[in-house]
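Heads up, final.cif below (mmCIF, C-alpha atoms):
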data_data
#
loop_
_atom_site.label_atom_id
_atom_site.label_comp_id
_atom_site.auth_asym_id
_atom_site.auth_seq_id
_atom_site.Cartn_x
_atom_site.Cartn_y
_atom_site.Cartn_z
CA MET A 119 13.16 -12.89 -25.20
CA GLU A 120 14.63 -13.94 -21.88
CA ILE A 121 13.52 -12.94 -18.39
CA ARG A 122 16.06 -12.74 -15.61
CA ASP A 123 16.78 -10.91 -12.36
CA ALA A 124 17.85 -7.34 -13.01
CA VAL A 125 21.41 -6.27 -12.25
CA PRO A 126 22.58 -2.72 -11.50
CA SER A 127 23.96 -2.31 -15.03
CA ASP A 128 20.41 -2.69 -16.42
CA TRP A 129 19.30 0.58 -14.82
CA PRO A 130 20.61 2.95 -17.53
CA GLN A 131 18.34 1.15 -20.00
CA ILE A 132 15.37 1.05 -17.63
CA TRP A 133 15.41 4.69 -16.54
CA PRO A 134 14.54 6.37 -19.88
CA PHE A 135 11.29 4.48 -20.42
CA LEU A 136 10.41 4.28 -16.74
CA ARG A 137 10.86 8.08 -16.53
CA ASP A 138 8.66 8.66 -19.57
CA ILE A 139 5.93 6.34 -18.31
CA VAL A 140 5.86 8.02 -14.90
CA ARG A 141 6.04 11.55 -16.37
CA ALA A 142 3.07 10.85 -18.62
CA GLY A 143 0.84 10.65 -15.52
CA GLU A 144 -1.50 8.13 -17.10
CA THR A 145 -0.74 4.83 -15.40
CA TYR A 146 1.53 5.15 -12.36
CA THR A 147 0.87 6.48 -8.86
CA TRP A 148 4.34 8.00 -8.55
CA ALA A 149 5.26 11.65 -8.45
CA ARG A 150 5.41 12.63 -12.13
CA ASP A 151 8.70 14.44 -11.55
CA GLU A 152 10.31 11.59 -9.63
CA THR A 153 14.08 11.98 -9.66
CA GLU A 154 16.31 9.28 -11.08
CA GLU A 155 17.80 8.63 -7.65
CA SER A 156 14.40 8.18 -6.03
CA ALA A 157 13.07 6.10 -8.94
CA ARG A 158 16.06 3.80 -8.79
CA ALA A 159 15.60 3.33 -5.04
CA ILE A 160 11.95 2.45 -5.56
CA TRP A 161 12.38 0.16 -8.55
CA MET A 162 15.65 -1.72 -8.07
CA ALA A 163 15.20 -4.35 -5.34
CA GLU A 164 17.99 -4.56 -2.79
CA ALA A 165 17.27 -8.00 -1.39
CA LEU A 166 14.71 -10.76 -1.12
CA PRO A 167 11.76 -10.95 -0.61
CA ASN A 168 11.81 -8.15 -3.21
CA ARG A 169 12.90 -8.83 -6.79
CA THR A 170 13.39 -6.74 -9.89
CA LEU A 171 13.21 -8.53 -13.24
CA VAL A 172 14.02 -7.56 -16.80
CA ALA A 173 12.85 -8.97 -20.11
CA VAL A 174 15.77 -8.78 -22.51
CA ASP A 175 16.55 -9.53 -26.13
CA GLY A 176 20.29 -10.01 -26.09
CA ASP A 177 21.65 -6.86 -24.45
CA THR A 178 18.47 -4.85 -24.97
CA VAL A 179 16.06 -4.34 -22.08
CA LEU A 180 12.48 -4.62 -23.41
CA GLY A 181 10.63 -4.28 -20.12
CA THR A 182 10.91 -4.69 -16.38
CA ALA A 183 8.91 -5.80 -13.38
CA LYS A 184 9.29 -5.60 -9.65
CA MET A 185 7.67 -7.82 -7.09
CA GLY A 186 7.61 -8.33 -3.35
CA PRO A 187 5.25 -8.49 -0.37
CA ASN A 188 2.26 -6.16 -0.58
CA HIS A 189 1.76 -6.30 3.17
CA ARG A 190 3.95 -7.33 6.09
CA GLY A 191 3.72 -9.63 9.08
CA PRO A 192 0.53 -11.71 9.16
CA ALA A 193 -0.34 -10.58 5.60
CA ALA A 194 3.13 -10.95 4.07
CA HIS A 195 1.90 -13.91 2.02
CA ILE A 196 0.21 -11.49 -0.39
CA ALA A 197 2.54 -10.36 -3.17
CA ASN A 198 2.48 -7.20 -5.22
CA ALA A 199 4.03 -6.53 -8.62
CA SER A 200 4.49 -3.63 -11.05
CA PHE A 201 5.34 -3.72 -14.73
CA MET A 202 6.78 -1.37 -17.33
CA VAL A 203 7.38 -2.09 -21.01
CA ALA A 204 9.52 0.18 -23.18
CA PRO A 205 7.05 1.86 -25.58
CA GLN A 206 9.21 0.99 -28.62
CA HIS A 207 8.86 -2.69 -27.67
CA SER A 208 5.12 -2.76 -26.96
CA GLY A 209 2.89 -5.21 -28.80
CA LYS A 210 5.46 -8.01 -28.62
CA GLY A 211 4.02 -9.81 -25.63
CA VAL A 212 6.62 -8.45 -23.20
CA GLY A 213 4.03 -7.54 -20.56
CA ARG A 214 2.37 -10.93 -20.77
CA ALA A 215 5.69 -12.78 -20.57
CA LEU A 216 6.70 -10.74 -17.53
CA GLY A 217 3.29 -11.33 -15.94
CA GLU A 218 3.46 -15.10 -16.39
CA TYR A 219 7.01 -15.18 -15.07
CA VAL A 220 6.10 -13.10 -12.02
CA LEU A 221 3.16 -15.36 -11.15
CA ASP A 222 5.39 -18.45 -11.30
CA GLN A 223 8.13 -16.72 -9.32
CA ALA A 224 5.67 -15.54 -6.66
CA ARG A 225 4.43 -19.12 -6.20
CA ALA A 226 8.02 -20.33 -5.98
CA ASP A 227 8.76 -17.62 -3.40
CA GLY A 228 5.91 -18.94 -1.26
CA PHE A 229 3.33 -16.21 -1.79
CA ARG A 230 -0.31 -17.32 -1.66
CA ALA A 231 -1.93 -14.49 -3.60
CA MET A 232 -1.07 -11.42 -5.66
CA GLN A 233 -2.64 -7.98 -5.37
CA PHE A 234 -2.35 -4.92 -7.59
CA ASN A 235 -3.24 -1.81 -5.61
CA ALA A 236 -3.65 0.72 -8.38
CA VAL A 237 -4.55 -0.23 -11.95
CA VAL A 238 -5.91 2.85 -13.72
CA GLU A 239 -9.25 1.95 -15.31
CA THR A 240 -8.42 3.79 -18.53
CA ASN A 241 -5.33 1.58 -18.92
CA THR A 242 -7.57 -0.98 -20.59
CA GLN A 243 -4.71 -2.91 -22.17
CA ALA A 244 -3.28 -3.65 -18.72
CA VAL A 245 -6.68 -4.43 -17.21
CA LYS A 246 -7.40 -6.95 -19.98
CA LEU A 247 -3.96 -8.51 -19.70
CA TRP A 248 -4.29 -9.04 -15.95
CA GLN A 249 -7.80 -10.42 -16.33
CA SER A 250 -6.49 -12.89 -18.92
CA LEU A 251 -3.88 -13.95 -16.37
CA GLY A 252 -6.55 -14.73 -13.78
CA PHE A 253 -6.82 -11.45 -11.88
CA GLU A 254 -10.19 -10.05 -10.91
CA ILE A 255 -11.13 -6.45 -10.25
CA VAL A 256 -12.11 -6.72 -6.59
CA ALA A 257 -12.77 -3.00 -6.13
CA THR A 258 -12.71 0.25 -8.07
CA LEU A 259 -11.95 3.43 -6.15
CA PRO A 260 -14.11 6.10 -7.77
CA GLU A 261 -12.09 9.11 -8.98
CA GLY A 262 -9.05 7.39 -7.47
CA PHE A 263 -6.60 8.60 -10.13
CA ASN A 264 -6.13 12.09 -11.56
CA HIS A 265 -5.22 11.22 -15.16
CA ALA A 266 -3.04 13.73 -17.00
CA THR A 267 -5.53 14.22 -19.83
CA LYS A 268 -8.76 12.51 -18.72
CA GLY A 269 -9.10 13.98 -15.22
CA TYR A 270 -10.37 11.86 -12.33
CA VAL A 271 -10.88 8.23 -13.34
CA GLY A 272 -11.34 5.02 -11.36
CA LEU A 273 -8.52 3.05 -9.82
CA HIS A 274 -8.89 -0.72 -9.79
CA ILE A 275 -7.63 -3.08 -7.12
CA MET A 276 -6.97 -6.46 -8.73
CA PHE A 277 -6.33 -9.77 -6.98
CA ARG A 278 -5.80 -13.44 -7.63
CA PRO A 279 -4.94 -16.42 -5.46
CA LEU A 280 -1.78 -18.26 -6.48
CA MET B 71 -10.19 13.86 26.01
CA GLU B 72 -8.21 16.07 23.69
CA ILE B 73 -6.75 15.18 20.31
CA ARG B 74 -3.57 16.87 19.14
CA ASP B 75 -0.53 16.31 16.96
CA ALA B 76 1.88 13.88 18.58
CA VAL B 77 5.25 15.12 19.79
CA PRO B 78 8.39 13.01 20.27
CA SER B 79 7.88 12.88 24.02
CA ASP B 80 4.60 10.98 23.48
CA TRP B 81 6.43 7.96 22.08
CA PRO B 82 7.35 6.33 25.42
CA GLN B 83 3.64 6.14 26.21
CA ILE B 84 2.67 4.94 22.71
CA TRP B 85 5.26 2.16 22.36
CA PRO B 86 4.01 -0.21 25.13
CA PHE B 87 0.49 -0.57 23.75
CA LEU B 88 1.54 -0.32 20.10
CA ARG B 89 4.05 -3.12 20.74
CA ASP B 90 1.44 -5.31 22.42
CA ILE B 91 -1.13 -4.75 19.66
CA VAL B 92 1.39 -5.62 16.94
CA ARG B 93 2.78 -8.62 18.84
CA ALA B 94 -0.70 -10.05 19.29
CA GLY B 95 -0.86 -10.66 15.52
CA GLU B 96 -4.61 -10.16 15.38
CA THR B 97 -5.12 -6.79 13.75
CA TYR B 98 -1.95 -5.29 12.24
CA THR B 99 0.01 -6.19 9.11
CA TRP B 100 3.35 -5.44 10.73
CA ALA B 101 6.06 -7.87 11.65
CA ARG B 102 4.97 -9.18 15.06
CA ASP B 103 8.50 -8.75 16.41
CA GLU B 104 8.91 -5.21 15.07
CA THR B 105 11.69 -3.42 16.94
CA GLU B 106 11.03 -0.21 18.81
CA GLU B 107 13.30 1.70 16.44
CA SER B 108 11.51 0.43 13.36
CA ALA B 109 8.07 0.91 14.90
CA ARG B 110 8.88 4.47 15.84
CA ALA B 111 10.09 5.21 12.30
CA ILE B 112 6.86 3.79 10.87
CA TRP B 113 4.46 5.44 13.29
CA MET B 114 5.87 8.87 14.15
CA ALA B 115 5.39 11.20 11.16
CA GLU B 116 8.39 13.31 10.24
CA ALA B 117 6.64 15.94 8.14
CA LEU B 118 3.48 16.80 6.25
CA PRO B 119 1.62 15.38 4.38
CA ASN B 120 1.98 12.73 7.10
CA ARG B 121 0.64 13.32 10.60
CA THR B 122 0.66 11.40 13.86
CA LEU B 123 -2.04 12.23 16.39
CA VAL B 124 -2.65 11.33 20.01
CA ALA B 125 -5.81 11.29 22.11
CA VAL B 126 -4.86 12.40 25.60
CA ASP B 127 -6.46 12.86 28.98
CA GLY B 128 -4.18 15.35 30.66
CA ASP B 129 -0.71 13.81 30.39
CA THR B 130 -1.99 10.30 29.63
CA VAL B 131 -1.98 9.01 26.05
CA LEU B 132 -5.19 7.03 25.46
CA GLY B 133 -4.70 6.24 21.81
CA THR B 134 -2.98 7.33 18.62
CA ALA B 135 -3.52 7.59 14.89
CA LYS B 136 -1.38 8.22 11.88
CA MET B 137 -2.51 9.54 8.54
CA GLY B 138 -1.06 10.51 5.20
CA PRO B 139 -1.35 9.79 1.47
CA ASN B 140 -2.18 6.19 0.60
CA HIS B 141 -0.81 6.63 -2.91
CA ARG B 142 1.49 9.13 -4.57
CA GLY B 143 1.47 11.35 -7.63
CA PRO B 144 -1.84 11.27 -9.53
CA ALA B 145 -3.48 9.32 -6.68
CA ALA B 146 -2.04 11.32 -3.78
CA HIS B 147 -5.52 12.73 -3.05
CA ILE B 148 -6.45 9.43 -1.37
CA ALA B 149 -5.55 9.36 2.32
CA ASN B 150 -4.81 6.42 4.56
CA ALA B 151 -5.00 6.21 8.34
CA SER B 152 -4.23 3.73 11.12
CA PHE B 153 -5.43 3.69 14.69
CA MET B 154 -4.39 2.16 18.00
CA VAL B 155 -6.12 2.51 21.36
CA ALA B 156 -4.43 1.52 24.61
CA PRO B 157 -6.32 -1.61 25.79
CA GLN B 158 -6.76 -0.19 29.29
CA HIS B 159 -8.62 2.77 27.74
CA SER B 160 -10.85 0.87 25.33
CA GLY B 161 -14.61 1.31 25.49
CA LYS B 162 -14.33 5.06 26.13
CA GLY B 163 -14.91 6.20 22.55
CA VAL B 164 -11.23 6.93 21.91
CA GLY B 165 -11.22 5.16 18.52
CA ARG B 166 -14.35 6.96 17.38
CA ALA B 167 -13.02 10.35 18.51
CA LEU B 168 -9.75 9.73 16.67
CA GLY B 169 -11.64 8.56 13.58
CA GLU B 170 -13.85 11.65 13.46
CA TYR B 171 -10.86 13.91 13.99
CA VAL B 172 -8.86 12.18 11.24
CA LEU B 173 -11.71 12.52 8.74
CA ASP B 174 -11.98 16.26 9.43
CA GLN B 175 -8.21 16.69 9.30
CA ALA B 176 -7.97 14.79 6.01
CA ARG B 177 -10.59 17.07 4.46
CA ALA B 178 -8.73 20.11 5.78
CA ASP B 179 -5.49 18.73 4.32
CA GLY B 180 -7.15 18.53 0.91
CA PHE B 181 -7.63 14.79 0.58
CA ARG B 182 -10.67 13.68 -1.44
CA ALA B 183 -11.10 10.16 -0.09
CA MET B 184 -9.79 7.81 2.59
CA GLN B 185 -8.80 4.18 2.13
CA PHE B 186 -7.95 1.51 4.68
CA ASN B 187 -5.88 -1.22 3.04
CA ALA B 188 -6.07 -3.93 5.63
CA VAL B 189 -8.89 -4.24 8.16
CA VAL B 190 -8.94 -7.78 9.53
CA GLU B 191 -12.46 -9.16 9.18
CA THR B 192 -12.41 -10.70 12.65
CA ASN B 193 -11.72 -7.24 14.11
CA THR B 194 -15.46 -6.67 14.10
CA GLN B 195 -15.34 -3.75 16.53
CA ALA B 196 -13.16 -1.80 14.09
CA VAL B 197 -15.19 -2.83 11.04
CA LYS B 198 -18.40 -1.62 12.70
CA LEU B 199 -16.79 1.62 13.84
CA TRP B 200 -15.53 2.46 10.35
CA GLN B 201 -18.88 1.58 8.81
CA SER B 202 -20.59 3.90 11.29
CA LEU B 203 -18.20 6.63 10.14
CA GLY B 204 -19.22 6.18 6.51
CA PHE B 205 -16.67 3.65 5.26
CA GLU B 206 -17.73 0.78 3.03
CA ILE B 207 -16.05 -2.58 2.58
CA VAL B 208 -15.13 -2.32 -1.11
CA ALA B 209 -13.28 -5.65 -1.23
CA THR B 210 -12.34 -8.57 1.00
CA LEU B 211 -9.13 -10.42 0.19
CA PRO B 212 -9.89 -14.07 1.00
CA GLU B 213 -7.40 -15.58 3.48
CA GLY B 214 -5.58 -12.25 3.35
CA PHE B 215 -4.50 -12.28 7.00
CA ASN B 216 -2.92 -15.08 9.02
CA HIS B 217 -4.49 -14.43 12.42
CA ALA B 218 -2.47 -15.54 15.45
CA THR B 219 -5.24 -17.78 16.79
CA LYS B 220 -7.86 -18.03 14.03
CA GLY B 221 -5.62 -18.85 11.06
CA TYR B 222 -6.30 -17.40 7.62
CA VAL B 223 -9.13 -14.88 7.68
CA GLY B 224 -10.30 -12.21 5.24
CA LEU B 225 -8.76 -8.78 4.94
CA HIS B 226 -11.11 -5.91 4.15
CA ILE B 227 -10.29 -2.88 2.05
CA MET B 228 -12.50 -0.01 3.23
CA PHE B 229 -13.08 3.32 1.50
CA ARG B 230 -15.06 6.50 1.74
CA PRO B 231 -15.12 9.76 -0.20
CA LEU B 232 -14.48 12.87 1.91
#

Output the structure of this file as structure tokens.
Amino acid sequence: MEIRDAVPSDWPQIWPFLRDIVRAGETYTWARDETEESARAIWMAEALPNRTLVAVDGDTVLGTAKMGPNHRGPAAHIANASFMVAPQHSGKGVGRALGEYVLDQARADGFRAMQFNAVVETNTQAVKLWQSLGFEIVATLPEGFNHATKGYVGLHIMFRPL
Amino acid sequence: MEIRDAVPSDWPQIWPFLRDIVRAGETYTWARDETEESARAIWMAEALPNRTLVAVDGDTVLGTAKMGPNHRGPAAHIANASFMVAPQHSGKGVGRALGEYVLDQARADGFRAMQFNAVVETNTQAVKLWQSLGFEIVATLPEGFNHATKGYVGLHIMFRPL
């Protein structure tokens, strides 16, 4: 597995699993019927300080991440990141590898902390992964997420200094 | 004092104090040198579910607020809001009146909670106002804000159900 900056030709491999993850309505705070055009505009970074990354095995995209400032101006030193792993490639450590890479890249880019704004509490695999990478749940918004099958569940805000 | 939806002709009165508040680098997570064009695009809502409000005394704009969803999709029921009061009209209850109006409007618009993402901890007047309106500090990001004169200070996330 290699992690590198995404290029426009990666998008056709990203879109099918990104679309399915968003449509499921279980983990992402996007419109479930997000169009491909809108999703591409959101996910594929145009320029620094935003980056889009892919984890690849040869020509196959296994997962992707995007990162950039979570706030602007006097709080632009706090980074944000989002992650998606293709379901057929889950359980291979893709999320962890992307997470470790993103933390190193954020430090290299000069960020001083990283914040996740919306980690669904029922997404326990993600919560545990981020905790193992040093993130803490700093707040849980009660009933913050309307899960497709579980109804209103909590939405964690997670944070770690870099 | 009356509170109403902002109209484009309000902008020339909003921009001078909005600009000064942002440039001061003490309370807002915007670029301190934000251009008027960019600031207007950020502040003046184009369509629901976003709204921009003004508190006016006759033809004079005393303060302004903007509100809308803080998240999208399955978390779009959480609102966000931001407030600015013209310094020459501070101490007249403009912020409180805008806050109360925004809470009622958010309920009427169907939001179930309101979240502030970035309340600078040294902005004690704002922190106390929001607490008096039912908000709680659910997290403080340590060194989350690089204050123009005080250096790195904490950044509160505040939340209340509606």

Q) How far is it from CA of Thr99 in chain B to CA of Pro192 in chain A, in Å with one decimal? A)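 Answer for the CA of Thr99 in chain B to CA of Pro192 in chain A separation: 5.5 Å.
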
Name all residues at most 7 Å from Met71 in chain B (count only C-alpha atoms; drop same-chain ones fewer than 5 positions away) and give them as a compact mmCIF listing (two decimals) with C-alpha atoms, keeping the file's coordinate frame.
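Contents of the output file selection_33.txt:
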# COMPACT_ATOMS: atom_id res chain seq x y z
CA ALA B 125 -5.81 11.29 22.11
CA VAL B 126 -4.86 12.40 25.60
CA ASP B 127 -6.46 12.86 28.98

Q: Using the chain letters and numbers from the file, give me the residues hit by the PyMOL selection byres ((chain A) within 8 of (chain B)), as a list in words.
A: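 When the PyMOL selection byres ((chain A) within 8 of (chain B)) is applied to the shown file, the picked residues are Gly143, Tyr146, Thr147, Trp148, Ala149, Arg150, His189, Arg190, Gly191, Pro192, Ala193, Ala194, His195, Ile196, Val256, Ala257, Thr258, Leu259, Gly262, Phe263, Asn264, His265, Ala266 and Phe277 of chain A.
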
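Between Val124 in chain B and the residues B:Leu199, B:Val172, B:Met184, B:Ala76, the shortest atom-to-atom distance, using all atoms listed in the file, involves B:Ala76.
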
Q. So how many Å separate CA of Ala215 in chain A and CA of Ser127 in chain A, to one decimal?
A.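 Value for the CA of Ala215 in chain A-CA of Ser127 in chain A distance: 21.8 Å.
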
**Q.** Result set of the PyMOL selection byres ((chain B and resi 80) around 10) on the coordinates above, as a ChimeraX atom specification
**A.** /B:75-79,81-85,114,123-124,126,129-131,134

Q.
I'd like the neighbourhood of Asn120 in chain B as a ChimeraX atom specification, where a residue qualifies if any of its atoms comes within 6 Å (using all atoms listed in the file), though same-chain residues fewer than 2 positions away should be ignored.
A. /B:115,117-118,137-138

Q. Any chance you could work out the residue set of the PyMOL selection byres ((chain A and resi 202) around 6) here, as a list in words?
A.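 For this structure, the PyMOL selection byres ((chain A and resi 202) around 6) resolves to Gly181, Thr182, Phe201 and Val203 of chain A.
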
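For the atom pair formed by CA of Leu203 in chain B and CA of Lys220 in chain B, the distance is 27.0 Å, given to one decimal.
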
Draw an axis-aligned box over all listed atoms of range 161-177 of chain A, pad each side with 6 Å, and write its centre and edge lengths in Å, one decimal, as lines of an AutoDock Vina configuration file.
center_x = 16.7
center_y = -5.4
center_z = -13.4
size_x = 21.9
size_y = 23.1
size_z = 37.5

Q. What residues have an atom no more than 9 Å from (4.6, -10.8, -13.5) in the file's own frame, counting all atoms listed in the file, and can you write them as number ranges by chain?
A. A: 171, 183-185, 199-201, 213-224

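With all atoms listed in the file as the atoms that count, the residue of B:Asn150, B:Thr192, B:Thr105, B:Gln201 with the shortest distance to Val223 in chain B is B:Thr192.
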